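Structure data follow from data-v8.cif (mmCIF, C-alpha atoms and all ligand atoms):
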```
data_coords
loop_
_atom_site.label_atom_id
_atom_site.label_comp_id
_atom_site.auth_asym_id
_atom_site.auth_seq_id
_atom_site.Cartn_x
_atom_site.Cartn_y
_atom_site.Cartn_z
CA MET A 1 -3.57 3.09 -17.63
CA LEU A 2 -0.05 4.41 -17.24
CA ILE A 3 1.06 7.11 -14.79
CA ALA A 4 4.48 8.73 -14.45
CA GLN A 5 5.63 10.21 -11.14
CA LEU A 6 7.93 13.20 -11.31
CA THR A 7 9.08 14.42 -7.94
CA ASP A 8 11.38 16.87 -6.19
CA THR A 9 12.14 18.94 -9.26
CA HIS A 10 13.55 21.77 -7.07
CA LEU A 11 13.33 24.54 -9.66
CA LYS A 12 15.30 27.73 -8.86
CA PRO A 13 14.52 31.29 -9.96
CA GLY A 14 15.73 31.99 -13.46
CA GLY A 15 16.53 28.32 -13.88
CA ARG A 16 19.67 28.71 -11.71
CA PRO A 17 21.42 25.49 -10.65
CA ALA A 18 20.23 24.07 -7.33
CA TYR A 19 22.88 23.85 -4.59
CA GLY A 20 25.33 25.51 -6.95
CA ARG A 21 25.61 22.54 -9.30
CA VAL A 22 22.36 20.75 -10.21
CA ASP A 23 20.75 21.84 -13.50
CA THR A 24 17.26 21.02 -12.23
CA ALA A 25 15.54 22.87 -15.09
CA GLY A 26 17.54 21.06 -17.78
CA LEU A 27 17.12 17.67 -16.12
CA LEU A 28 13.38 18.27 -15.80
CA VAL A 29 13.10 19.05 -19.50
CA ALA A 30 14.97 15.81 -20.27
CA ALA A 31 12.63 13.90 -17.96
CA ILE A 32 9.53 15.46 -19.52
CA ASP A 33 10.75 14.72 -23.04
CA HIS A 34 11.37 11.12 -21.94
CA VAL A 35 7.86 10.79 -20.48
CA ASN A 36 6.34 12.34 -23.60
CA ALA A 37 8.14 9.81 -25.80
CA LEU A 38 7.15 6.65 -23.89
CA THR A 39 4.97 4.11 -25.70
CA PRO A 40 2.25 3.34 -24.95
CA ALA A 41 1.59 6.94 -24.03
CA VAL A 42 1.55 7.98 -20.40
CA ASP A 43 -2.01 8.99 -19.43
CA ALA A 44 -1.20 11.31 -16.54
CA VAL A 45 1.74 12.68 -14.54
CA ILE A 46 1.74 13.15 -10.77
CA LEU A 47 4.22 15.57 -9.18
CA SER A 48 4.80 14.71 -5.52
CA GLY A 49 6.19 17.92 -4.08
CA ASP A 50 9.35 19.99 -3.79
CA LEU A 51 8.48 21.33 -7.22
CA THR A 52 10.50 24.46 -6.42
CA ASP A 53 13.41 25.00 -4.08
CA THR A 54 11.95 27.85 -2.00
CA GLY A 55 8.31 28.18 -3.10
CA THR A 56 8.41 31.68 -4.57
CA ALA A 57 6.04 32.85 -7.28
CA GLY A 58 9.10 33.46 -9.46
CA GLU A 59 10.12 29.82 -9.22
CA TYR A 60 6.61 28.60 -10.11
CA ALA A 61 6.69 31.00 -13.08
CA VAL A 62 9.89 29.29 -14.29
CA LEU A 63 8.42 25.84 -13.70
CA ARG A 64 5.07 26.39 -15.43
CA PRO A 65 6.26 26.59 -19.06
CA LEU A 66 8.39 23.48 -18.48
CA LEU A 67 5.38 21.52 -17.19
CA ASN A 68 3.34 22.86 -20.10
CA ARG A 69 5.58 20.69 -22.32
CA LEU A 70 3.84 17.60 -20.93
CA ARG A 71 1.45 16.13 -23.49
CA MET A 72 -0.79 14.61 -20.83
CA PRO A 73 -2.63 16.04 -17.80
CA TRP A 74 -0.49 16.64 -14.71
CA TYR A 75 -1.34 17.04 -11.04
CA ALA A 76 0.79 18.42 -8.22
CA VAL A 77 0.94 18.63 -4.43
CA PRO A 78 3.39 20.65 -2.30
CA GLY A 79 6.49 19.47 -0.46
CA ASN A 80 8.50 21.10 2.29
CA HIS A 81 10.39 23.26 -0.22
CA ASP A 82 7.11 24.59 -1.66
CA ARG A 83 4.55 26.98 -0.30
CA ALA A 84 1.07 25.48 -0.59
CA ASP A 85 -0.63 28.84 -1.14
CA ALA A 86 1.83 29.85 -3.88
CA LEU A 87 1.51 26.47 -5.58
CA LYS A 88 -2.28 26.71 -5.51
CA ALA A 89 -2.13 30.20 -6.98
CA ALA A 90 0.30 29.12 -9.72
CA PHE A 91 -1.36 25.85 -10.78
CA GLY A 92 -4.99 26.17 -9.61
CA ASP A 93 -6.16 26.50 -13.21
CA VAL A 94 -4.78 23.04 -14.04
CA VAL A 95 -4.81 21.01 -10.82
CA PRO A 96 -8.28 20.23 -9.38
CA PHE A 97 -7.51 21.30 -5.83
CA ALA A 98 -10.22 20.49 -3.31
CA PRO A 99 -12.45 23.53 -2.75
CA ALA A 100 -13.17 25.18 0.60
CA VAL A 101 -10.26 23.64 2.49
CA ASP A 102 -7.01 25.25 3.67
CA PHE A 103 -4.72 22.51 2.33
CA ALA A 104 -3.60 21.86 -1.26
CA ALA A 105 -5.10 18.39 -1.83
CA CYS A 106 -6.59 17.27 -5.13
CA VAL A 107 -8.85 14.54 -6.52
CA VAL A 108 -8.86 13.29 -10.11
CA ASP A 109 -11.81 11.15 -11.20
CA ASP A 110 -11.05 11.15 -14.94
CA PHE A 111 -9.28 7.78 -15.24
CA PRO A 112 -9.77 4.08 -14.45
CA LEU A 113 -7.43 4.69 -11.50
CA ARG A 114 -8.62 7.43 -9.16
CA LEU A 115 -5.86 9.82 -8.08
CA ILE A 116 -5.85 11.64 -4.73
CA GLY A 117 -3.01 14.05 -3.89
CA LEU A 118 -2.39 15.12 -0.27
CA ASP A 119 -0.72 18.24 1.12
CA SER A 120 1.86 17.26 3.76
CA SER A 121 3.65 20.63 3.81
CA VAL A 122 3.95 22.61 7.03
CA ASP A 123 5.07 26.21 6.63
CA GLY A 124 8.60 26.84 7.84
CA VAL A 125 9.63 23.30 8.78
CA PRO A 126 11.11 20.42 6.74
CA TRP A 127 8.99 17.62 8.25
CA GLY A 128 5.47 16.86 7.10
CA MET A 129 2.00 16.50 8.57
CA ILE A 130 -1.39 15.66 7.04
CA GLY A 131 -3.39 16.95 10.01
CA THR A 132 -6.71 15.83 11.43
CA ALA A 133 -8.83 17.96 9.09
CA GLN A 134 -7.19 16.60 5.95
CA LEU A 135 -7.26 13.02 7.29
CA ALA A 136 -11.02 13.37 7.82
CA TRP A 137 -11.35 14.80 4.31
CA LEU A 138 -9.34 11.86 2.91
CA ASP A 139 -11.48 9.33 4.79
CA ALA A 140 -14.68 10.90 3.43
CA THR A 141 -13.25 11.22 -0.09
CA LEU A 142 -12.25 7.55 -0.17
CA ALA A 143 -15.61 6.51 1.33
CA ALA A 144 -17.44 8.35 -1.47
CA ARG A 145 -16.16 5.97 -4.18
CA PRO A 146 -15.43 2.58 -2.58
CA ASP A 147 -15.39 0.81 -5.95
CA ALA A 148 -12.82 3.12 -7.60
CA LEU A 149 -9.30 1.69 -7.52
CA THR A 150 -7.20 4.53 -6.06
CA LEU A 151 -3.62 5.76 -5.90
CA VAL A 152 -2.81 8.35 -3.22
CA PHE A 153 0.27 10.53 -3.59
CA VAL A 154 1.94 12.75 -1.01
CA HIS A 155 5.36 14.31 -0.51
CA HIS A 156 6.55 13.06 2.90
CA PRO A 157 6.79 9.28 3.42
CA PRO A 158 5.15 7.67 6.48
CA PHE A 159 8.08 5.39 7.29
CA GLU A 160 11.77 5.48 8.18
CA THR A 161 14.03 4.68 5.26
CA GLY A 162 17.27 4.17 7.21
CA ILE A 163 18.70 7.43 5.86
CA GLY A 164 18.80 9.20 9.19
CA HIS A 165 19.01 12.85 8.16
CA MET A 166 15.90 12.37 6.00
CA ASP A 167 14.02 10.21 8.49
CA VAL A 168 13.98 13.06 11.03
CA GLN A 169 11.87 15.06 8.57
CA ASN A 170 9.32 12.49 7.40
CA LEU A 171 5.57 12.44 8.06
CA SER A 172 4.77 13.16 11.73
CA ASP A 173 1.30 11.58 11.53
CA GLY A 174 2.15 8.69 9.20
CA GLU A 175 0.48 6.10 11.46
CA ALA A 176 -2.79 8.02 11.32
CA LEU A 177 -2.54 8.22 7.51
CA ILE A 178 -1.98 4.47 7.20
CA ALA A 179 -4.91 3.85 9.58
CA VAL A 180 -7.21 5.80 7.25
CA LEU A 181 -5.89 4.11 4.10
CA ARG A 182 -6.34 0.64 5.64
CA ARG A 183 -10.07 1.28 6.03
CA HIS A 184 -10.50 1.49 2.25
CA PRO A 185 -9.64 -1.71 0.37
CA GLN A 186 -9.86 0.04 -3.02
CA LEU A 187 -6.58 1.81 -2.13
CA ARG A 188 -3.91 0.35 -4.39
CA HIS A 189 -0.81 2.36 -3.47
CA LEU A 190 0.65 5.30 -1.57
CA ALA A 191 3.29 7.09 -3.70
CA CYS A 192 5.69 9.49 -1.95
CA GLY A 193 8.61 11.76 -2.78
CA HIS A 194 11.03 13.71 -0.54
CA VAL A 195 13.85 11.17 -0.22
CA HIS A 196 15.07 11.37 -3.85
CA ARG A 197 15.53 7.59 -4.09
CA ALA A 198 13.55 4.54 -5.32
CA ILE A 199 12.40 2.87 -2.08
CA ASP A 200 9.56 0.37 -1.55
CA THR A 201 7.89 -1.09 1.50
CA MET A 202 4.54 -2.24 2.88
CA ILE A 203 2.96 -0.89 6.07
CA ASP A 204 0.07 -2.81 7.65
CA GLY A 205 -0.85 -4.16 4.21
CA VAL A 206 -0.60 -0.80 2.42
CA PRO A 207 1.99 -0.77 -0.41
CA VAL A 208 4.11 2.39 -0.14
CA SER A 209 6.90 3.67 -2.33
CA ILE A 210 9.19 6.66 -2.72
CA ALA A 211 10.04 7.80 -6.24
CA PRO A 212 13.58 8.26 -7.51
CA ASN A 213 14.67 11.61 -8.85
CA ALA A 214 15.26 12.77 -12.39
CA ALA A 215 17.87 15.23 -11.06
CA HIS A 216 19.89 14.74 -7.85
CA ALA A 217 19.63 11.73 -5.52
CA VAL A 218 20.04 11.73 -1.74
CA THR A 219 23.19 9.72 -1.11
CA LEU A 220 22.50 6.11 -0.09
CA ASP A 221 24.27 5.92 3.28
CA LEU A 222 22.53 3.86 5.98
CA ASN A 223 25.05 4.85 8.66
CA PRO A 224 22.95 6.59 11.37
CA SER A 225 25.36 9.53 11.39
CA ALA A 226 25.46 9.89 7.59
CA PRO A 227 25.88 13.53 6.52
CA SER A 228 23.22 15.27 4.43
CA THR A 229 24.62 14.99 0.90
CA PHE A 230 23.42 14.34 -2.63
CA THR A 231 24.81 12.31 -5.51
CA MET A 232 24.33 12.58 -9.27
CA GLU A 233 23.15 9.02 -9.84
CA PRO A 234 21.41 8.17 -13.13
CA PRO A 235 18.11 10.08 -13.36
CA ALA A 236 15.08 7.83 -12.95
CA ILE A 237 11.28 8.08 -13.07
CA ARG A 238 8.69 5.78 -11.46
CA LEU A 239 5.80 4.52 -13.57
CA PHE A 240 2.56 2.94 -12.37
CA HIS A 241 0.71 0.61 -14.70
CA LEU A 242 -2.86 -0.44 -13.89
CA ASN A 243 -3.29 -3.80 -15.61
CA PRO A 244 -6.60 -5.34 -16.73
CA TRP A 245 -6.83 -7.37 -13.52
CA GLY A 246 -6.75 -4.28 -11.31
CA HIS A 247 -3.16 -4.80 -10.19
CA LEU A 248 -1.02 -1.69 -9.95
CA ILE A 249 2.49 -2.48 -11.17
CA SER A 250 5.47 -0.21 -10.56
CA HIS A 251 8.39 0.19 -12.99
CA LEU A 252 11.38 2.51 -13.16
CA THR A 253 12.42 4.18 -16.42
CA TYR A 254 15.65 6.05 -17.10
CA PRO A 255 15.93 9.19 -19.25
CA GLY A 256 18.95 9.10 -21.53
CA ARG A 257 20.37 7.24 -24.51
CA PHE A 258 21.39 3.64 -23.93
CA ASP A 259 22.69 0.87 -26.17
CA GLY A 260 19.83 -1.28 -27.50
CA PRO A 261 17.23 -2.58 -27.77
CA HIS A 262 18.87 -5.74 -29.11
CA PRO A 263 17.01 -8.97 -30.00
CA PHE A 264 17.35 -12.13 -27.86
CA PHE A 265 16.42 -14.31 -30.86
CA ASP A 266 17.64 -14.49 -34.45
CA LYS A 267 15.37 -14.48 -37.51
CA ALA A 268 15.05 -18.29 -37.38
CA GLY A 269 13.75 -18.07 -33.80
CA GLY A 270 16.91 -19.39 -32.18
CA LEU A 271 18.42 -17.83 -29.08
CA ILE A 272 21.41 -15.77 -30.20
CA ASP A 273 24.55 -17.51 -28.92
FE FE B 301 13.28 17.22 -2.31
FE FE B 302 11.19 17.28 0.56
#
```

Could you rewrite the structure in this file as structure tokens?
Amino acid sequence: MLIAQLTDTHLKPGGRPAYGRVDTAGLLVAAIDHVNALTPAVDAVILSGDLTDTGTAGEYAVLRPLLNRLRMPWYAVPGNHDRADALKAAFGDVVPFAPAVDFAACVVDDFPLRLIGLDSSVDGVPWGMIGTAQLAWLDATLAARPDALTLVFVHHPPFETGIGHMDVQNLSDGEALIAVLRRHPQLRHLACGHVHRAIDTMIDGVPVSIAPNAAHAVTLDLNPSAPSTFTMEPPAIRLFHLNPWGHLISHLTYPGRFDGPHPFFDKAGGLID
């Protein structure tokens, strides 16, 4: 099974550039076309928040036809730039949001790898929180299928990256989230967004990553007083591959045209010198 993670697409109304210069709509279309063209085919796409820049219905209306280009099922959770209620209203016909709860979490039981999306958005603030009610829901949801290998995805990461201006707005109850995940050995990975960079770590035995962005990247500056800036690094997308041994392998793939592929070996089987 192969999953692509698109994150932090930051769509603007009318497809306007984000921050005056980032063609987020155009870069998303390029990313989607890239995902659609991958072989073997991607089975599902997870979108880990900040789908829009301000969470208006108009922005979700611009985003929807772009996501409809995806040839495989897609699932989304909100980030701090979204509004959970507006996202639920816009995508509730596609994303299996959990019923009878006041957060926009979802569960997908259609694949060899179970997918659980969490809502870490808090109205009006940039930092994230899962909250005790959603943590209890997650614990019960994981306990219901202990034999189903599972990937959890959420917008805000539960760890400090070293990029100070982003670390002040990460997950406020990250320790509690990790404590729940640790209780369920079928958990294979926690996939996050928010920081617009490819970052990997492990917390108390739980593998955790942040996905890179297919549009703008947060500038890599580990100086504690680094200003809040972005950089147009090469767009990138994280893939998760569940192999036959139950290992979840992460790769990065880069939309765009590049020289190659070129063979290592000639027709006689010799290494090309
Ligand atoms: Fe973002
Ligand atoms: Fe964010």

Residue nearest ligand FE 302 (chain B) - candidates A:Glu160, A:Asp139, A:Asp123, A:Asp53, atoms counted: all atoms listed in the file:
A:Asp53

Counting all atoms listed in the file, note down every residue that has an atom within 10 Å of the point (10.5, 12.8, -17.9) (file coordinates), as a count of residues only.
26

As a JSON list (two decimals) with C-alpha atoms, in the frame of the given file, please: every protein or nucleic acid residue near ligand FE 301 (chain B) (cut-off 6 Å, counting all atoms listed in the file).
```json
[["chain", "number", "residue", "atom", "x", "y", "z"],
["A", 8, "ASP", "CA", 11.38, 16.87, -6.19],
["A", 50, "ASP", "CA", 9.35, 19.99, -3.79],
["A", 194, "HIS", "CA", 11.03, 13.71, -0.54]]
```

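Relative to atom CA of Asn80 of chain A, atom CA of Gly124 of chain A is found at 8.0 Å.
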
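Closest to Ile46 of chain A among A:Ala268, A:Leu149, A:Ala140, A:Val95 is A:Val95, based on only C-alpha atoms.
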
Produce as a PyMOL selection string the set of residues near ligand FE 302 (chain B), where near means within 9 Å with all atoms listed in the file considered.
chain A and resi 8+49-50+78-82+121+126-128+155-156+166+169-170+193-196

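Each of A:Gln186, A:Gln134, A:Thr150, A:Ser120 was checked against Ala100 of chain A using only C-alpha atoms; the smallest atom-to-atom distance is that of A:Gln134.
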
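Among A:Met72, A:Ile163, A:Val208, A:Val77, the residue with the shortest atom-to-atom distance to Leu220 of chain A, counting only C-alpha atoms, is A:Ile163.
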
Around the point (8.1, 32.2, -6.4) in the file's coordinates, collect all residues with an atom within 10 Å, using all atoms listed in the file, and return them as an MDAnalysis selection string.
chainID A and resid 11:13 52:63 82:83 86:87 90

Point-to-point distance in Å for atom CA of Ala133 of chain A and atom CA of Phe97 of chain A:
15.3 Å

At a cut-off of 10 Å, can you tabulate as a Markdown table every residue of segment 171-262 of chain A near segment 39-42 of chain A together with its closest atom pair and the distance in Å to one decimal, using only C-alpha atoms and ordering rows by chain then number?
```
| residue | atom | partner | partner_atom | distance |
| --- | --- | --- | --- | --- |
| A:Leu239 | CA | A:Val42 | CA | 8.8 |
| A:Phe240 | CA | A:Val42 | CA | 9.5 |
| A:His241 | CA | A:Val42 | CA | 9.4 |
```

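The gap separating atom CA of Arg197 of chain A from atom CA of Leu135 of chain A is 26.0 Å, in Å to one decimal.
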
Residues near Phe111 of chain A, anyone? I mean within 10 Å using only C-alpha atoms, not counting same-chain ones fewer than 4 positions away, as a short mmCIF file (atom, residue, chain, number, x, y, z; two decimals) with C-alpha atoms, keeping the file's coordinate frame.
```
data_model
loop_
_atom_site.label_atom_id
_atom_site.label_comp_id
_atom_site.auth_asym_id
_atom_site.auth_seq_id
_atom_site.Cartn_x
_atom_site.Cartn_y
_atom_site.Cartn_z
CA MET A 1 -3.57 3.09 -17.63
CA ASP A 43 -2.01 8.99 -19.43
CA ALA A 44 -1.20 11.31 -16.54
CA LEU A 115 -5.86 9.82 -8.08
CA ALA A 148 -12.82 3.12 -7.60
CA LEU A 149 -9.30 1.69 -7.52
CA THR A 150 -7.20 4.53 -6.06
#
```

Reconstruct segment 23-49 of chain A at the level of N, CA and C atoms, and format the result as a compact mmCIF listing (two decimals), keeping the file's coordinate frame.
```txt
# COMPACT_ATOMS: atom_id res chain seq x y z
N ASP A 23 21.55 21.18 -12.46
CA ASP A 23 20.75 21.84 -13.50
C ASP A 23 19.34 21.25 -13.45
N THR A 24 18.58 21.64 -12.43
CA THR A 24 17.26 21.02 -12.23
C THR A 24 16.31 21.33 -13.38
N ALA A 25 16.42 22.53 -13.96
CA ALA A 25 15.54 22.87 -15.09
C ALA A 25 15.87 21.99 -16.30
N GLY A 26 17.14 21.87 -16.62
CA GLY A 26 17.54 21.06 -17.78
C GLY A 26 17.21 19.59 -17.59
N LEU A 27 17.42 19.08 -16.38
CA LEU A 27 17.12 17.67 -16.12
C LEU A 27 15.61 17.42 -16.14
N LEU A 28 14.83 18.42 -15.72
CA LEU A 28 13.38 18.27 -15.80
C LEU A 28 12.92 18.23 -17.25
N VAL A 29 13.47 19.08 -18.08
CA VAL A 29 13.10 19.05 -19.50
C VAL A 29 13.44 17.68 -20.10
N ALA A 30 14.60 17.15 -19.76
CA ALA A 30 14.97 15.81 -20.27
C ALA A 30 13.99 14.75 -19.78
N ALA A 31 13.57 14.87 -18.51
CA ALA A 31 12.63 13.90 -17.96
C ALA A 31 11.27 14.02 -18.65
N ILE A 32 10.83 15.25 -18.87
CA ILE A 32 9.53 15.46 -19.52
C ILE A 32 9.57 14.94 -20.96
N ASP A 33 10.64 15.22 -21.67
CA ASP A 33 10.75 14.72 -23.04
C ASP A 33 10.73 13.18 -23.05
N HIS A 34 11.36 12.58 -22.05
CA HIS A 34 11.37 11.12 -21.94
C HIS A 34 9.96 10.59 -21.70
N VAL A 35 9.24 11.22 -20.77
CA VAL A 35 7.86 10.79 -20.48
C VAL A 35 6.98 10.97 -21.71
N ASN A 36 7.16 12.09 -22.40
CA ASN A 36 6.34 12.34 -23.60
C ASN A 36 6.58 11.30 -24.69
N ALA A 37 7.78 10.73 -24.72
CA ALA A 37 8.14 9.81 -25.80
C ALA A 37 7.82 8.35 -25.48
N LEU A 38 7.40 8.05 -24.26
CA LEU A 38 7.15 6.65 -23.89
C LEU A 38 5.98 6.09 -24.68
N THR A 39 6.08 4.81 -25.04
CA THR A 39 4.97 4.11 -25.70
C THR A 39 4.69 2.81 -24.95
N PRO A 40 3.41 2.50 -24.68
CA PRO A 40 2.25 3.34 -24.95
C PRO A 40 2.31 4.65 -24.18
N ALA A 41 1.51 5.60 -24.61
CA ALA A 41 1.59 6.94 -24.03
C ALA A 41 1.20 6.94 -22.56
N VAL A 42 1.90 7.76 -21.81
CA VAL A 42 1.55 7.98 -20.40
C VAL A 42 0.23 8.77 -20.36
N ASP A 43 -0.69 8.34 -19.50
CA ASP A 43 -2.01 8.99 -19.43
C ASP A 43 -2.02 10.21 -18.53
N ALA A 44 -1.20 10.20 -17.49
CA ALA A 44 -1.20 11.31 -16.54
C ALA A 44 0.12 11.33 -15.80
N VAL A 45 0.51 12.52 -15.33
CA VAL A 45 1.74 12.68 -14.54
C VAL A 45 1.35 13.22 -13.17
N ILE A 46 1.91 12.62 -12.12
CA ILE A 46 1.74 13.15 -10.77
C ILE A 46 3.07 13.73 -10.31
N LEU A 47 3.02 14.90 -9.71
CA LEU A 47 4.22 15.57 -9.18
C LEU A 47 4.07 15.63 -7.66
N SER A 48 4.98 14.92 -6.96
CA SER A 48 4.80 14.71 -5.52
C SER A 48 5.67 15.64 -4.68
N GLY A 49 5.62 16.93 -4.98
CA GLY A 49 6.19 17.92 -4.08
C GLY A 49 7.64 18.28 -4.28
```
